[in-house]
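**Student:** Right, I'll just put the structure down here and ask away after.
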Amino acid sequence: MAAVTEDQVELVRALVAAIPAGRVATYGDIADAAGLSSPRIVGWIMRTDSADLPWHRVIRASGRPAPHLSARQLEALRAEGVLADDGKVDLCATRHRF
DNA sequence: CGCTTGACTAGAA
DNA sequence: TTTCTAGCCAAGC
């Protein structure tokens, strides 16, 4: 069963929506929590269906948002109390644990 | 039906 | 430190 079921997608969306303000999660964390095989699936879901999701709370494993979204995400995160140093978020302090 | 693109990651150079 | 590679899955053309 390699394909991602809709339940997995819904789970991913639920997990992202469940991230409290002031916390962030990595694509890999969400993928693992949702049972996905690849973190790209999470990125795919965000790109395809990010309308009602706080995607700005989802960052890469490096502690840094995607290049094209870094400015916007950093600004949104900063508004929620997530301080980023030189464009890098402190995962040790802000990473949400499911 | 096949190739390219992309909100990714970890490891290597 | 940055850049590249391989693996990964789905959508678009």
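The chains in the structure tokens are called A, B, ... from first to last as shown; in each chain the residues are counted from 1, and the ligands are counted from 1 in the order shown.
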What residues in chain A lie within 12 Å of chain B, counting only C-alpha atoms (C1' of nucleotides), written as a PyMOL selection string?
**Tutor:** chain A and resi 26-31+37-50+54-62+64-70+73
**Student:** Quick one: DSSP alpha helix (DSSP H) residues in chain A, as a ChimeraX atom specification?
**Tutor:** /A:6-18,27-34,39-48,70-79,91-94
**Student:** Go ahead and dump the residues you just picked, C-alpha atoms, as a CSV table (one decimal), in the first residue's frame.
**Tutor:**
chain,number,residue,atom,x,y,z
A,6,GLU,CA,-7.4,10.4,2.3
A,7,ASP,CA,-7.4,9.5,5.9
A,8,GLN,CA,-3.7,10.2,6.0
A,9,VAL,CA,-4.2,13.5,4.3
A,10,GLU,CA,-6.9,14.4,6.7
A,11,LEU,CA,-4.6,13.4,9.6
A,12,VAL,CA,-1.9,15.6,8.3
A,13,ARG,CA,-4.2,18.5,8.0
A,14,ALA,CA,-5.5,17.8,11.5
A,15,LEU,CA,-2.0,17.6,12.9
A,16,VAL,CA,-1.0,20.9,11.3
A,17,ALA,CA,-4.2,22.5,12.5
A,18,ALA,CA,-3.5,21.1,16.0
A,27,TYR,CA,7.6,18.2,7.6
A,28,GLY,CA,9.3,15.0,8.7
A,29,ASP,CA,7.5,15.0,12.1
A,30,ILE,CA,4.1,15.5,10.5
A,31,ALA,CA,4.8,12.8,7.9
A,32,ASP,CA,5.9,10.4,10.6
A,33,ALA,CA,3.0,11.2,12.9
A,34,ALA,CA,0.5,10.7,10.0
A,39,PRO,CA,7.9,14.2,4.0
A,40,ARG,CA,7.3,15.4,0.5
A,41,ILE,CA,3.7,14.3,0.9
A,42,VAL,CA,3.3,16.9,3.6
A,43,GLY,CA,4.7,19.5,1.3
A,44,TRP,CA,2.4,18.3,-1.4
A,45,ILE,CA,-0.6,18.6,0.8
A,46,MET,CA,0.4,22.1,1.9
A,47,ARG,CA,0.9,23.2,-1.7
A,48,THR,CA,-2.4,21.7,-2.8
A,70,SER,CA,10.8,32.1,4.7
A,71,ALA,CA,10.0,35.9,4.9
A,72,ARG,CA,6.2,35.3,5.2
A,73,GLN,CA,6.5,32.4,7.6
A,74,LEU,CA,9.1,34.1,9.8
A,75,GLU,CA,6.9,37.1,10.1
A,76,ALA,CA,3.8,35.1,11.0
A,77,LEU,CA,5.8,33.0,13.5
A,78,ARG,CA,7.3,36.0,15.1
A,79,ALA,CA,3.8,37.4,15.5
A,91,LEU,CA,13.7,23.8,17.0
A,92,CYS,CA,14.8,22.7,20.5
A,93,ALA,CA,12.5,25.3,22.0
A,94,THR,CA,9.7,25.7,19.5
**Student:** Chain C near chain A within 10 Å: what's each residue's closest atom pair and its distance in Å to one decimal, counting only C-alpha atoms (C1' of nucleotides), ordered by chain then ascending residue number, as JSON lines?
**Tutor:**
{"residue": "C:DG7", "atom": "C1'", "partner": "A:Ser38", "partner_atom": "CA", "distance": 9.2}
{"residue": "C:DC8", "atom": "C1'", "partner": "A:Ser38", "partner_atom": "CA", "distance": 5.5}
{"residue": "C:DC9", "atom": "C1'", "partner": "A:Ile41", "partner_atom": "CA", "distance": 6.1}
{"residue": "C:DA10", "atom": "C1'", "partner": "A:Trp44", "partner_atom": "CA", "distance": 7.1}
{"residue": "C:DA11", "atom": "C1'", "partner": "A:Trp44", "partner_atom": "CA", "distance": 8.6}
**Student:** With N, CA, C and O atoms (P, O5', C5', C4', C3', O3' and C1' of nucleotides) retained, write the just-selected residues as a JSON list (two decimals), in the first residue's frame.
**Tutor:**
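Output (result37.json):
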[["chain", "number", "residue", "atom", "x", "y", "z"],
["C", 7, "DG", "P", 18.98, 5.86, -5.06],
["C", 7, "DG", "O5'", 17.75, 6.20, -4.09],
["C", 7, "DG", "C5'", 17.86, 5.99, -2.69],
["C", 7, "DG", "C4'", 16.63, 6.51, -1.96],
["C", 7, "DG", "C3'", 15.30, 6.05, -2.60],
["C", 7, "DG", "O3'", 14.49, 5.44, -1.60],
["C", 7, "DG", "C1'", 15.29, 8.38, -2.27],
["C", 8, "DC", "P", 13.11, 4.74, -2.09],
["C", 8, "DC", "O5'", 12.03, 5.90, -1.88],
["C", 8, "DC", "C5'", 11.78, 6.39, -0.57],
["C", 8, "DC", "C4'", 10.89, 7.62, -0.62],
["C", 8, "DC", "C3'", 9.68, 7.45, -1.54],
["C", 8, "DC", "O3'", 8.60, 6.88, -0.82],
["C", 8, "DC", "C1'", 10.71, 9.59, -1.82],
["C", 9, "DC", "P", 7.47, 6.07, -1.63],
["C", 9, "DC", "O5'", 6.46, 7.22, -2.09],
["C", 9, "DC", "C5'", 5.77, 7.97, -1.10],
["C", 9, "DC", "C4'", 5.01, 9.12, -1.76],
["C", 9, "DC", "C3'", 4.07, 8.66, -2.88],
["C", 9, "DC", "O3'", 2.76, 9.11, -2.62],
["C", 9, "DC", "C1'", 5.41, 10.50, -3.57],
["C", 10, "DA", "P", 1.57, 8.60, -3.57],
["C", 10, "DA", "O5'", 1.12, 9.97, -4.24],
["C", 10, "DA", "C5'", 0.78, 11.06, -3.41],
["C", 10, "DA", "C4'", 0.63, 12.34, -4.20],
["C", 10, "DA", "C3'", -0.30, 12.20, -5.41],
["C", 10, "DA", "O3'", -1.17, 13.31, -5.48],
["C", 10, "DA", "C1'", 1.81, 13.02, -6.11],
["C", 11, "DA", "P", -2.32, 13.39, -6.53],
["C", 11, "DA", "O5'", -1.82, 14.63, -7.40],
["C", 11, "DA", "C5'", -1.49, 15.84, -6.71],
["C", 11, "DA", "C4'", -1.04, 16.93, -7.69],
["C", 11, "DA", "C3'", -1.94, 17.11, -8.90],
["C", 11, "DA", "O3'", -2.01, 18.49, -9.23],
["C", 11, "DA", "C1'", 0.23, 16.50, -9.60]]
**Student:** Just list as a ChimeraX atom specification whatever in chain A DSSP marks as strand (DSSP E or B).
**Tutor:** /A:24-26,58-59,84-85,88-89,95
